[in-house]
>>> print(open('work-v8.txt').read())   # compact mmCIF, C-alpha atoms
# COMPACT_ATOMS: atom_id res chain seq x y z
CA MET P 80 -68.34 -69.94 118.53
CA GLU P 81 -69.67 -70.48 122.03
CA LEU P 82 -68.49 -68.13 124.77
CA THR P 83 -68.45 -70.57 127.72
CA PRO P 84 -65.56 -72.82 126.55
CA ILE P 85 -63.52 -69.71 125.71
CA ILE P 86 -64.10 -68.37 129.25
CA GLY P 87 -63.00 -71.77 130.64
CA ASN P 88 -59.85 -71.80 128.52
CA VAL P 89 -58.90 -68.22 129.44
CA ALA P 90 -59.58 -69.03 133.13
CA ALA P 91 -57.39 -72.17 132.96
CA PHE P 92 -54.63 -70.24 131.16
CA LEU P 93 -54.62 -67.41 133.74
CA THR P 94 -54.63 -69.63 136.86
CA THR P 95 -51.85 -71.75 135.29
CA VAL P 96 -49.47 -68.98 134.14
CA SER P 97 -50.08 -66.92 137.30
CA PHE P 98 -47.39 -68.98 139.07
CA LEU P 99 -44.76 -67.94 136.49
CA PRO P 100 -44.14 -64.40 137.87
CA GLN P 101 -44.05 -65.81 141.44
CA ALA P 102 -41.53 -68.48 140.38
CA ILE P 103 -39.34 -65.85 138.63
CA LYS P 104 -39.54 -63.52 141.66
CA THR P 105 -38.62 -66.38 144.03
CA ILE P 106 -35.71 -67.64 141.88
CA ARG P 107 -34.30 -64.08 141.56
CA SER P 108 -34.66 -63.03 145.19
CA ARG P 109 -34.10 -66.49 146.74
CA ASN P 110 -36.25 -65.10 149.53
CA THR P 111 -39.33 -67.13 150.47
CA LYS P 112 -39.94 -65.78 154.00
CA GLN P 113 -43.45 -64.52 153.27
CA LEU P 114 -44.44 -67.58 151.25
CA SER P 115 -46.48 -70.11 153.22
CA LEU P 116 -44.93 -73.60 153.31
CA PRO P 117 -48.32 -75.30 154.07
CA MET P 118 -49.81 -73.45 151.07
CA TYR P 119 -47.24 -74.84 148.64
CA LEU P 120 -47.31 -78.34 150.19
CA LEU P 121 -51.13 -78.52 149.90
CA PHE P 122 -51.18 -76.85 146.46
CA VAL P 123 -48.47 -79.03 144.88
CA THR P 124 -50.12 -82.18 146.29
CA GLY P 125 -53.49 -81.03 144.92
CA VAL P 126 -52.03 -80.28 141.47
CA ALA P 127 -50.31 -83.72 141.40
CA LEU P 128 -53.69 -85.31 142.17
CA TRP P 129 -55.29 -83.24 139.35
CA ILE P 130 -52.74 -84.85 137.00
CA CYS P 131 -53.75 -88.33 138.32
CA TYR P 132 -57.39 -87.34 137.73
CA GLY P 133 -56.59 -86.19 134.18
CA VAL P 134 -54.65 -89.37 133.41
CA SER P 135 -57.45 -91.54 134.82
CA ASN P 136 -60.07 -89.64 132.78
CA LYS P 137 -57.81 -89.31 129.71
CA GLN P 138 -58.31 -85.52 129.70
CA LEU P 139 -55.20 -84.06 128.08
CA PRO P 140 -55.96 -80.34 128.85
CA ILE P 141 -56.15 -81.18 132.59
CA ILE P 142 -52.88 -83.14 132.40
CA ILE P 143 -50.97 -80.44 130.47
CA GLY P 144 -52.30 -77.46 132.44
CA ASN P 145 -51.54 -79.07 135.78
CA ALA P 146 -48.13 -80.33 134.62
CA VAL P 147 -47.13 -76.71 133.88
CA THR P 148 -48.55 -75.57 137.25
CA LEU P 149 -46.73 -78.43 139.02
CA LEU P 150 -43.44 -77.37 137.44
CA LEU P 151 -43.88 -73.73 138.49
CA ALA P 152 -45.38 -74.25 141.97
CA GLY P 153 -42.98 -77.18 142.55
CA THR P 154 -40.01 -74.89 141.82
CA ILE P 155 -41.29 -72.37 144.38
CA LEU P 156 -41.79 -75.20 146.92
CA VAL P 157 -38.20 -76.43 146.39
CA TYR P 158 -36.84 -72.91 147.07
CA LYS P 159 -39.04 -72.65 150.18
CA LEU P 160 -37.84 -76.05 151.46
CA LEU P 161 -34.19 -75.11 150.78
CA GLU P 162 -34.60 -71.89 152.78
CA GLU P 163 -36.32 -73.72 155.65
CA SER P 164 -33.53 -76.33 155.76
CA HIS P 165 -30.85 -73.59 155.84
CA GLU P 166 -32.56 -71.99 158.82
CA ASN P 167 -32.56 -75.18 160.90
CA MET Q 252 -67.27 -96.42 144.73
CA GLU Q 253 -65.09 -95.21 141.87
CA LEU Q 254 -61.65 -93.85 142.68
CA THR Q 255 -61.37 -91.17 139.97
CA PRO Q 256 -64.09 -88.78 141.25
CA ILE Q 257 -62.64 -89.11 144.77
CA ILE Q 258 -59.18 -88.12 143.45
CA GLY Q 259 -60.79 -85.14 141.67
CA ASN Q 260 -62.60 -84.03 144.83
CA VAL Q 261 -59.49 -84.35 147.01
CA ALA Q 262 -57.45 -82.46 144.37
CA ALA Q 263 -60.06 -79.67 144.24
CA PHE Q 264 -60.20 -79.49 148.04
CA LEU Q 265 -56.40 -79.25 148.39
CA THR Q 266 -55.85 -76.61 145.69
CA THR Q 267 -58.74 -74.58 147.18
CA VAL Q 268 -57.79 -74.69 150.89
CA SER Q 269 -54.06 -74.24 150.12
CA PHE Q 270 -54.60 -70.47 149.99
CA LEU Q 271 -55.92 -70.42 153.59
CA PRO Q 272 -52.48 -70.74 155.32
CA GLN Q 273 -51.05 -68.11 152.92
CA ALA Q 274 -53.95 -65.74 153.67
CA ILE Q 275 -53.49 -66.25 157.46
CA LYS Q 276 -49.72 -65.71 157.19
CA THR Q 277 -50.23 -62.54 155.14
CA ILE Q 278 -52.93 -61.10 157.45
CA ARG Q 279 -50.74 -61.76 160.53
CA SER Q 280 -47.43 -60.48 159.13
CA ARG Q 281 -48.92 -57.74 156.90
CA ASN Q 282 -45.77 -58.35 154.88
CA THR Q 283 -46.24 -59.17 151.21
CA LYS Q 284 -42.78 -58.24 149.87
CA GLN Q 285 -42.03 -61.72 148.49
CA LEU Q 286 -45.51 -62.21 147.06
CA SER Q 287 -45.76 -61.52 143.33
CA LEU Q 288 -48.36 -58.87 142.42
CA PRO Q 289 -48.71 -60.16 138.81
CA MET Q 290 -49.30 -63.68 140.21
CA TYR Q 291 -52.22 -62.58 142.35
CA LEU Q 292 -53.66 -60.28 139.65
CA LEU Q 293 -53.60 -63.11 137.08
CA PHE Q 294 -54.76 -65.75 139.57
CA VAL Q 295 -57.69 -63.76 140.98
CA THR Q 296 -58.81 -62.81 137.44
CA GLY Q 297 -58.60 -66.48 136.40
CA VAL Q 298 -60.57 -67.65 139.43
CA ALA Q 299 -63.26 -65.00 138.76
CA LEU Q 300 -63.52 -66.32 135.19
CA TRP Q 301 -63.80 -69.90 136.56
CA ILE Q 302 -66.84 -68.70 138.53
CA CYS Q 303 -68.34 -67.22 135.30
CA TYR Q 304 -67.66 -70.56 133.60
CA GLY Q 305 -69.34 -72.45 136.47
CA VAL Q 306 -72.37 -70.13 136.42
CA SER Q 307 -72.65 -70.42 132.63
CA ASN Q 308 -72.42 -74.25 132.84
CA LYS Q 309 -74.54 -74.46 136.02
CA GLN Q 310 -71.76 -76.44 137.78
CA LEU Q 311 -72.18 -75.72 141.47
CA PRO Q 312 -68.90 -77.41 142.65
CA ILE Q 313 -66.89 -75.14 140.30
CA ILE Q 314 -68.79 -72.06 141.54
CA ILE Q 315 -68.37 -72.90 145.26
CA GLY Q 316 -64.72 -74.02 145.08
CA ASN Q 317 -63.68 -70.96 143.11
CA ALA Q 318 -65.74 -68.61 145.31
CA VAL Q 319 -63.74 -69.85 148.34
CA THR Q 320 -60.47 -69.49 146.41
CA LEU Q 321 -61.48 -65.99 145.26
CA LEU Q 322 -62.16 -64.95 148.86
CA LEU Q 323 -58.75 -66.25 150.06
CA ALA Q 324 -56.58 -65.18 147.10
CA GLY Q 325 -58.54 -61.91 146.86
CA THR Q 326 -57.71 -61.14 150.52
CA ILE Q 327 -54.00 -61.71 149.81
CA LEU Q 328 -54.23 -59.47 146.72
CA VAL Q 329 -55.85 -56.65 148.77
CA TYR Q 330 -52.99 -56.80 151.32
CA LYS Q 331 -50.45 -56.76 148.48
CA LEU Q 332 -52.13 -53.76 146.83
CA LEU Q 333 -52.30 -51.93 150.19
CA GLU Q 334 -48.57 -52.49 150.74
CA GLU Q 335 -47.72 -51.37 147.21
CA SER Q 336 -49.80 -48.19 147.63
CA HIS Q 337 -48.06 -47.39 150.96
CA GLU Q 338 -44.68 -47.64 149.27
CA ASN Q 339 -45.58 -45.17 146.54
>>> encode(input="work-v8.txt", output="structure tokens")
Amino acid sequence: MELTPIIGNVAAFLTTVSFLPQAIKTIRSRNTKQLSLPMYLLFVTGVALWICYGVSNKQLPIIIGNAVTLLLAGTILVYKLLEESHEN
Amino acid sequence: MELTPIIGNVAAFLTTVSFLPQAIKTIRSRNTKQLSLPMYLLFVTGVALWICYGVSNKQLPIIIGNAVTLLLAGTILVYKLLEESHEN
């Protein structure tokens, strides 16, 4: 079994699931003060475009991985936007 | 000019640069309380593995994009680790 695809799969898994602990922390604390709004706006937009890219190229791993990331990072973004709107 | 590679490049650009505003915010505030340590540990490890994957596959865009992300997310992780160590 070749090592390179395994490295790619582990890398994709780690960068995807990494947003799970941040999402849990954000949902529990409901505190997003130190989270950057521009970061999550840019990141969620980028991940949505990755899904478009995956759909266009018919690459299911790209679609699934980014759909999970979109769900997690999107949740964090919603909490951030809710906090910003409460402050104004 | 085909649309799909453009979408892929814009997606890669956005998900890469998204960590810049978070890194700036973290460096300025030196406050990482709401940032998840497991997120940045998993993410930075994943990005480092993406670089290994890019080197192994000789894919320069993967190497460069992830090197930038590693620099930005790695900076945030260092600040988080410094804060954690001060608390203990």
>>> interface_residues(input="work-v8.txt", of="chain Q", to="chain P", cutoff="8 Å", atoms="only C-alpha atoms", output="ChimeraX atom specification")
/Q:255-256,258-259,261-273,276-277,282-287,289-301,303-304,307-308
>>> atom_distance(input="work-v8.txt", atom1="CA of Ala318 (chain Q)", atom2="CA of Ile278 (chain Q)")
19.2 Å
>>> calpha_fit_and_write(input="work-v8.txt", fixed="chain P", moving="chain Q", output="PDB file with C-alpha atoms, keeping the file's coordinate frame")
ATOM      1  CA  MET Q 252     -68.332 -69.938 118.509  1.00  0.00           C
ATOM      2  CA  GLU Q 253     -69.659 -70.466 122.025  1.00  0.00           C
ATOM      3  CA  LEU Q 254     -68.483 -68.130 124.762  1.00  0.00           C
ATOM      4  CA  THR Q 255     -68.454 -70.564 127.709  1.00  0.00           C
ATOM      5  CA  PRO Q 256     -65.574 -72.825 126.550  1.00  0.00           C
ATOM      6  CA  ILE Q 257     -63.539 -69.703 125.710  1.00  0.00           C
ATOM      7  CA  ILE Q 258     -64.096 -68.370 129.260  1.00  0.00           C
ATOM      8  CA  GLY Q 259     -63.015 -71.774 130.632  1.00  0.00           C
ATOM      9  CA  ASN Q 260     -59.855 -71.801 128.509  1.00  0.00           C
ATOM     10  CA  VAL Q 261     -58.907 -68.231 129.449  1.00  0.00           C
ATOM     11  CA  ALA Q 262     -59.580 -69.028 133.139  1.00  0.00           C
ATOM     12  CA  ALA Q 263     -57.396 -72.158 132.940  1.00  0.00           C
ATOM     13  CA  PHE Q 264     -54.636 -70.239 131.154  1.00  0.00           C
ATOM     14  CA  LEU Q 265     -54.618 -67.421 133.739  1.00  0.00           C
ATOM     15  CA  THR Q 266     -54.639 -69.639 136.845  1.00  0.00           C
ATOM     16  CA  THR Q 267     -51.855 -71.754 135.272  1.00  0.00           C
ATOM     17  CA  VAL Q 268     -49.479 -68.978 134.119  1.00  0.00           C
ATOM     18  CA  SER Q 269     -50.074 -66.919 137.299  1.00  0.00           C
ATOM     19  CA  PHE Q 270     -47.401 -68.981 139.066  1.00  0.00           C
ATOM     20  CA  LEU Q 271     -44.749 -67.963 136.490  1.00  0.00           C
ATOM     21  CA  PRO Q 272     -44.146 -64.404 137.868  1.00  0.00           C
ATOM     22  CA  GLN Q 273     -44.059 -65.821 141.433  1.00  0.00           C
ATOM     23  CA  ALA Q 274     -41.540 -68.496 140.389  1.00  0.00           C
ATOM     24  CA  ILE Q 275     -39.345 -65.858 138.641  1.00  0.00           C
ATOM     25  CA  LYS Q 276     -39.535 -63.532 141.662  1.00  0.00           C
ATOM     26  CA  THR Q 277     -38.618 -66.377 144.024  1.00  0.00           C
ATOM     27  CA  ILE Q 278     -35.713 -67.651 141.870  1.00  0.00           C
ATOM     28  CA  ARG Q 279     -34.294 -64.100 141.565  1.00  0.00           C
ATOM     29  CA  SER Q 280     -34.683 -63.042 145.209  1.00  0.00           C
ATOM     30  CA  ARG Q 281     -34.097 -66.507 146.743  1.00  0.00           C
ATOM     31  CA  ASN Q 282     -36.253 -65.102 149.528  1.00  0.00           C
ATOM     32  CA  THR Q 283     -39.319 -67.116 150.480  1.00  0.00           C
ATOM     33  CA  LYS Q 284     -39.934 -65.768 154.007  1.00  0.00           C
ATOM     34  CA  GLN Q 285     -43.460 -64.511 153.254  1.00  0.00           C
ATOM     35  CA  LEU Q 286     -44.434 -67.589 151.260  1.00  0.00           C
ATOM     36  CA  SER Q 287     -46.481 -70.120 153.225  1.00  0.00           C
ATOM     37  CA  LEU Q 288     -44.935 -73.614 153.323  1.00  0.00           C
ATOM     38  CA  PRO Q 289     -48.309 -75.308 154.070  1.00  0.00           C
ATOM     39  CA  MET Q 290     -49.811 -73.462 151.064  1.00  0.00           C
ATOM     40  CA  TYR Q 291     -47.245 -74.844 148.652  1.00  0.00           C
ATOM     41  CA  LEU Q 292     -47.303 -78.345 150.199  1.00  0.00           C
ATOM     42  CA  LEU Q 293     -51.110 -78.517 149.890  1.00  0.00           C
ATOM     43  CA  PHE Q 294     -51.170 -76.852 146.463  1.00  0.00           C
ATOM     44  CA  VAL Q 295     -48.466 -79.023 144.878  1.00  0.00           C
ATOM     45  CA  THR Q 296     -50.105 -82.183 146.297  1.00  0.00           C
ATOM     46  CA  GLY Q 297     -53.477 -81.046 144.908  1.00  0.00           C
ATOM     47  CA  VAL Q 298     -52.026 -80.290 141.480  1.00  0.00           C
ATOM     48  CA  ALA Q 299     -50.305 -83.716 141.403  1.00  0.00           C
ATOM     49  CA  LEU Q 300     -53.683 -85.311 142.177  1.00  0.00           C
ATOM     50  CA  TRP Q 301     -55.281 -83.234 139.366  1.00  0.00           C
ATOM     51  CA  ILE Q 302     -52.747 -84.838 137.006  1.00  0.00           C
ATOM     52  CA  CYS Q 303     -53.753 -88.326 138.309  1.00  0.00           C
ATOM     53  CA  TYR Q 304     -57.391 -87.356 137.736  1.00  0.00           C
ATOM     54  CA  GLY Q 305     -56.597 -86.174 134.186  1.00  0.00           C
ATOM     55  CA  VAL Q 306     -54.651 -89.362 133.402  1.00  0.00           C
ATOM     56  CA  SER Q 307     -57.440 -91.531 134.833  1.00  0.00           C
ATOM     57  CA  ASN Q 308     -60.068 -89.621 132.781  1.00  0.00           C
ATOM     58  CA  LYS Q 309     -57.809 -89.298 129.708  1.00  0.00           C
ATOM     59  CA  GLN Q 310     -58.308 -85.490 129.703  1.00  0.00           C
ATOM     60  CA  LEU Q 311     -55.207 -84.062 128.073  1.00  0.00           C
ATOM     61  CA  PRO Q 312     -55.949 -80.339 128.846  1.00  0.00           C
ATOM     62  CA  ILE Q 313     -56.146 -81.159 132.588  1.00  0.00           C
ATOM     63  CA  ILE Q 314     -52.884 -83.148 132.393  1.00  0.00           C
ATOM     64  CA  ILE Q 315     -50.970 -80.437 130.468  1.00  0.00           C
ATOM     65  CA  GLY Q 316     -52.277 -77.441 132.450  1.00  0.00           C
ATOM     66  CA  ASN Q 317     -51.545 -79.083 135.780  1.00  0.00           C
ATOM     67  CA  ALA Q 318     -48.129 -80.346 134.621  1.00  0.00           C
ATOM     68  CA  VAL Q 319     -47.142 -76.712 133.889  1.00  0.00           C
ATOM     69  CA  THR Q 320     -48.552 -75.584 137.248  1.00  0.00           C
ATOM     70  CA  LEU Q 321     -46.726 -78.432 139.024  1.00  0.00           C
ATOM     71  CA  LEU Q 322     -43.431 -77.376 137.434  1.00  0.00           C
ATOM     72  CA  LEU Q 323     -43.892 -73.714 138.501  1.00  0.00           C
ATOM     73  CA  ALA Q 324     -45.387 -74.246 141.979  1.00  0.00           C
ATOM     74  CA  GLY Q 325     -43.002 -77.175 142.545  1.00  0.00           C
ATOM     75  CA  THR Q 326     -40.016 -74.887 141.818  1.00  0.00           C
ATOM     76  CA  ILE Q 327     -41.299 -72.375 144.393  1.00  0.00           C
ATOM     77  CA  LEU Q 328     -41.795 -75.198 146.925  1.00  0.00           C
ATOM     78  CA  VAL Q 329     -38.191 -76.428 146.398  1.00  0.00           C
ATOM     79  CA  TYR Q 330     -36.840 -72.905 147.085  1.00  0.00           C
ATOM     80  CA  LYS Q 331     -39.031 -72.667 150.194  1.00  0.00           C
ATOM     81  CA  LEU Q 332     -37.839 -76.059 151.467  1.00  0.00           C
ATOM     82  CA  LEU Q 333     -34.194 -75.105 150.777  1.00  0.00           C
ATOM     83  CA  GLU Q 334     -34.605 -71.887 152.779  1.00  0.00           C
ATOM     84  CA  GLU Q 335     -36.320 -73.701 155.643  1.00  0.00           C
ATOM     85  CA  SER Q 336     -33.532 -76.314 155.766  1.00  0.00           C
ATOM     86  CA  HIS Q 337     -30.846 -73.569 155.838  1.00  0.00           C
ATOM     87  CA  GLU Q 338     -32.541 -71.970 158.824  1.00  0.00           C
ATOM     88  CA  ASN Q 339     -32.553 -75.172 160.851  1.00  0.00           C
TER      89      ASN Q 339
END
>>> atom_distance(input="work-v8.txt", atom1="CA of Arg107 (chain P)", atom2="CA of Leu160 (chain P)")
15.9 Å
>>> decode(input="work-v8.txt", residues="region 310-338 of chain Q", atoms="N, CA, C and O atoms", output="PDB file, in the first residue's frame")
ATOM      1  N   GLN Q 310       3.649  18.495  -5.829  1.00  0.00           N
ATOM      2  CA  GLN Q 310       2.602  19.469  -6.192  1.00  0.00           C
ATOM      3  C   GLN Q 310       2.870  20.785  -5.475  1.00  0.00           C
ATOM      4  O   GLN Q 310       2.483  20.976  -4.323  1.00  0.00           O
ATOM      5  N   LEU Q 311       3.531  21.686  -6.214  1.00  0.00           N
ATOM      6  CA  LEU Q 311       3.974  22.950  -5.629  1.00  0.00           C
ATOM      7  C   LEU Q 311       2.830  23.789  -5.037  1.00  0.00           C
ATOM      8  O   LEU Q 311       2.999  24.356  -3.940  1.00  0.00           O
ATOM      9  N   PRO Q 312       1.648  23.902  -5.714  1.00  0.00           N
ATOM     10  CA  PRO Q 312       0.569  24.716  -5.117  1.00  0.00           C
ATOM     11  C   PRO Q 312       0.141  24.210  -3.740  1.00  0.00           C
ATOM     12  O   PRO Q 312      -0.138  25.010  -2.844  1.00  0.00           O
ATOM     13  N   ILE Q 313       0.106  22.883  -3.549  1.00  0.00           N
ATOM     14  CA  ILE Q 313      -0.255  22.308  -2.246  1.00  0.00           C
ATOM     15  C   ILE Q 313       0.811  22.658  -1.209  1.00  0.00           C
ATOM     16  O   ILE Q 313       0.503  23.038  -0.077  1.00  0.00           O
ATOM     17  N   ILE Q 314       2.101  22.569  -1.628  1.00  0.00           N
ATOM     18  CA  ILE Q 314       3.197  22.876  -0.699  1.00  0.00           C
ATOM     19  C   ILE Q 314       3.130  24.346  -0.266  1.00  0.00           C
ATOM     20  O   ILE Q 314       3.150  24.662   0.929  1.00  0.00           O
ATOM     21  N   ILE Q 315       3.011  25.257  -1.245  1.00  0.00           N
ATOM     22  CA  ILE Q 315       3.043  26.701  -0.950  1.00  0.00           C
ATOM     23  C   ILE Q 315       1.824  27.123  -0.112  1.00  0.00           C
ATOM     24  O   ILE Q 315       1.965  27.778   0.921  1.00  0.00           O
ATOM     25  N   GLY Q 316       0.628  26.713  -0.560  1.00  0.00           N
ATOM     26  CA  GLY Q 316      -0.598  27.089   0.158  1.00  0.00           C
ATOM     27  C   GLY Q 316      -0.564  26.637   1.602  1.00  0.00           C
ATOM     28  O   GLY Q 316      -0.864  27.404   2.521  1.00  0.00           O
ATOM     29  N   ASN Q 317      -0.141  25.377   1.811  1.00  0.00           N
ATOM     30  CA  ASN Q 317      -0.129  24.839   3.165  1.00  0.00           C
ATOM     31  C   ASN Q 317       1.025  25.389   4.002  1.00  0.00           C
ATOM     32  O   ASN Q 317       0.921  25.457   5.227  1.00  0.00           O
ATOM     33  N   ALA Q 318       2.126  25.803   3.334  1.00  0.00           N
ATOM     34  CA  ALA Q 318       3.228  26.429   4.074  1.00  0.00           C
ATOM     35  C   ALA Q 318       2.752  27.770   4.654  1.00  0.00           C
ATOM     36  O   ALA Q 318       3.044  28.099   5.807  1.00  0.00           O
ATOM     37  N   VAL Q 319       1.976  28.531   3.855  1.00  0.00           N
ATOM     38  CA  VAL Q 319       1.427  29.814   4.338  1.00  0.00           C
ATOM     39  C   VAL Q 319       0.465  29.558   5.496  1.00  0.00           C
ATOM     40  O   VAL Q 319       0.530  30.213   6.543  1.00  0.00           O
ATOM     41  N   THR Q 320      -0.429  28.561   5.312  1.00  0.00           N
ATOM     42  CA  THR Q 320      -1.395  28.227   6.363  1.00  0.00           C
ATOM     43  C   THR Q 320      -0.677  27.771   7.635  1.00  0.00           C
ATOM     44  O   THR Q 320      -1.070  28.143   8.750  1.00  0.00           O
ATOM     45  N   LEU Q 321       0.389  26.973   7.465  1.00  0.00           N
ATOM     46  CA  LEU Q 321       1.146  26.479   8.626  1.00  0.00           C
ATOM     47  C   LEU Q 321       1.753  27.646   9.403  1.00  0.00           C
ATOM     48  O   LEU Q 321       1.720  27.658  10.641  1.00  0.00           O
ATOM     49  N   LEU Q 322       2.275  28.626   8.671  1.00  0.00           N
ATOM     50  CA  LEU Q 322       2.891  29.801   9.303  1.00  0.00           C
ATOM     51  C   LEU Q 322       1.837  30.552  10.128  1.00  0.00           C
ATOM     52  O   LEU Q 322       2.084  30.915  11.292  1.00  0.00           O
ATOM     53  N   LEU Q 323       0.649  30.768   9.543  1.00  0.00           N
ATOM     54  CA  LEU Q 323      -0.404  31.546  10.209  1.00  0.00           C
ATOM     55  C   LEU Q 323      -1.027  30.764  11.372  1.00  0.00           C
ATOM     56  O   LEU Q 323      -1.102  31.266  12.505  1.00  0.00           O
ATOM     57  N   ALA Q 324      -1.474  29.529  11.095  1.00  0.00           N
ATOM     58  CA  ALA Q 324      -2.122  28.724  12.144  1.00  0.00           C
ATOM     59  C   ALA Q 324      -1.094  28.333  13.207  1.00  0.00           C
ATOM     60  O   ALA Q 324      -1.436  28.252  14.400  1.00  0.00           O
ATOM     61  N   GLY Q 325       0.165  28.129  12.791  1.00  0.00           N
ATOM     62  CA  GLY Q 325       1.227  27.801  13.737  1.00  0.00           C
ATOM     63  C   GLY Q 325       1.489  28.956  14.701  1.00  0.00           C
ATOM     64  O   GLY Q 325       1.727  28.739  15.895  1.00  0.00           O
ATOM     65  N   THR Q 326       1.432  30.201  14.192  1.00  0.00           N
ATOM     66  CA  THR Q 326       1.602  31.385  15.040  1.00  0.00           C
ATOM     67  C   THR Q 326       0.505  31.431  16.102  1.00  0.00           C
ATOM     68  O   THR Q 326       0.780  31.663  17.285  1.00  0.00           O
ATOM     69  N   ILE Q 327      -0.747  31.185  15.678  1.00  0.00           N
ATOM     70  CA  ILE Q 327      -1.883  31.188  16.605  1.00  0.00           C
ATOM     71  C   ILE Q 327      -1.682  30.101  17.668  1.00  0.00           C
ATOM     72  O   ILE Q 327      -1.892  30.331  18.860  1.00  0.00           O
ATOM     73  N   LEU Q 328      -1.234  28.910  17.224  1.00  0.00           N
ATOM     74  CA  LEU Q 328      -1.005  27.799  18.154  1.00  0.00           C
ATOM     75  C   LEU Q 328       0.067  28.160  19.196  1.00  0.00           C
ATOM     76  O   LEU Q 328      -0.097  27.858  20.384  1.00  0.00           O
ATOM     77  N   VAL Q 329       1.134  28.834  18.763  1.00  0.00           N
ATOM     78  CA  VAL Q 329       2.206  29.225  19.692  1.00  0.00           C
ATOM     79  C   VAL Q 329       1.649  30.168  20.764  1.00  0.00           C
ATOM     80  O   VAL Q 329       1.913  29.993  21.956  1.00  0.00           O
ATOM     81  N   TYR Q 330       0.836  31.154  20.346  1.00  0.00           N
ATOM     82  CA  TYR Q 330       0.227  32.076  21.318  1.00  0.00           C
ATOM     83  C   TYR Q 330      -0.678  31.330  22.291  1.00  0.00           C
ATOM     84  O   TYR Q 330      -0.726  31.626  23.482  1.00  0.00           O
ATOM     85  N   LYS Q 331      -1.440  30.364  21.760  1.00  0.00           N
ATOM     86  CA  LYS Q 331      -2.332  29.566  22.613  1.00  0.00           C
ATOM     87  C   LYS Q 331      -1.518  28.768  23.631  1.00  0.00           C
ATOM     88  O   LYS Q 331      -1.858  28.739  24.820  1.00  0.00           O
ATOM     89  N   LEU Q 332      -0.445  28.134  23.164  1.00  0.00           N
ATOM     90  CA  LEU Q 332       0.397  27.324  24.056  1.00  0.00           C
ATOM     91  C   LEU Q 332       1.072  28.200  25.113  1.00  0.00           C
ATOM     92  O   LEU Q 332       1.188  27.802  26.274  1.00  0.00           O
ATOM     93  N   LEU Q 333       1.497  29.422  24.712  1.00  0.00           N
ATOM     94  CA  LEU Q 333       2.116  30.350  25.664  1.00  0.00           C
ATOM     95  C   LEU Q 333       1.126  30.727  26.753  1.00  0.00           C
ATOM     96  O   LEU Q 333       1.461  30.750  27.932  1.00  0.00           O
ATOM     97  N   GLU Q 334      -0.144  31.008  26.344  1.00  0.00           N
ATOM     98  CA  GLU Q 334      -1.162  31.389  27.321  1.00  0.00           C
ATOM     99  C   GLU Q 334      -1.464  30.232  28.272  1.00  0.00           C
ATOM    100  O   GLU Q 334      -1.578  30.428  29.483  1.00  0.00           O
ATOM    101  N   GLU Q 335      -1.586  29.032  27.692  1.00  0.00           N
ATOM    102  CA  GLU Q 335      -1.857  27.848  28.521  1.00  0.00           C
ATOM    103  C   GLU Q 335      -0.743  27.643  29.549  1.00  0.00           C
ATOM    104  O   GLU Q 335      -0.996  27.339  30.708  1.00  0.00           O
ATOM    105  N   SER Q 336       0.521  27.822  29.116  1.00  0.00           N
ATOM    106  CA  SER Q 336       1.654  27.577  30.006  1.00  0.00           C
ATOM    107  C   SER Q 336       1.726  28.640  31.107  1.00  0.00           C
ATOM    108  O   SER Q 336       2.184  28.371  32.209  1.00  0.00           O
ATOM    109  N   HIS Q 337       1.258  29.872  30.807  1.00  0.00           N
ATOM    110  CA  HIS Q 337       1.240  30.926  31.832  1.00  0.00           C
ATOM    111  C   HIS Q 337       0.208  30.645  32.914  1.00  0.00           C
ATOM    112  O   HIS Q 337       0.360  31.057  34.045  1.00  0.00           O
ATOM    113  N   GLU Q 338      -0.882  29.948  32.476  1.00  0.00           N
ATOM    114  CA  GLU Q 338      -1.967  29.679  33.423  1.00  0.00           C
ATOM    115  C   GLU Q 338      -1.616  28.568  34.399  1.00  0.00           C
ATOM    116  O   GLU Q 338      -2.165  28.500  35.482  1.00  0.00           O
TER     117      GLU Q 338
END
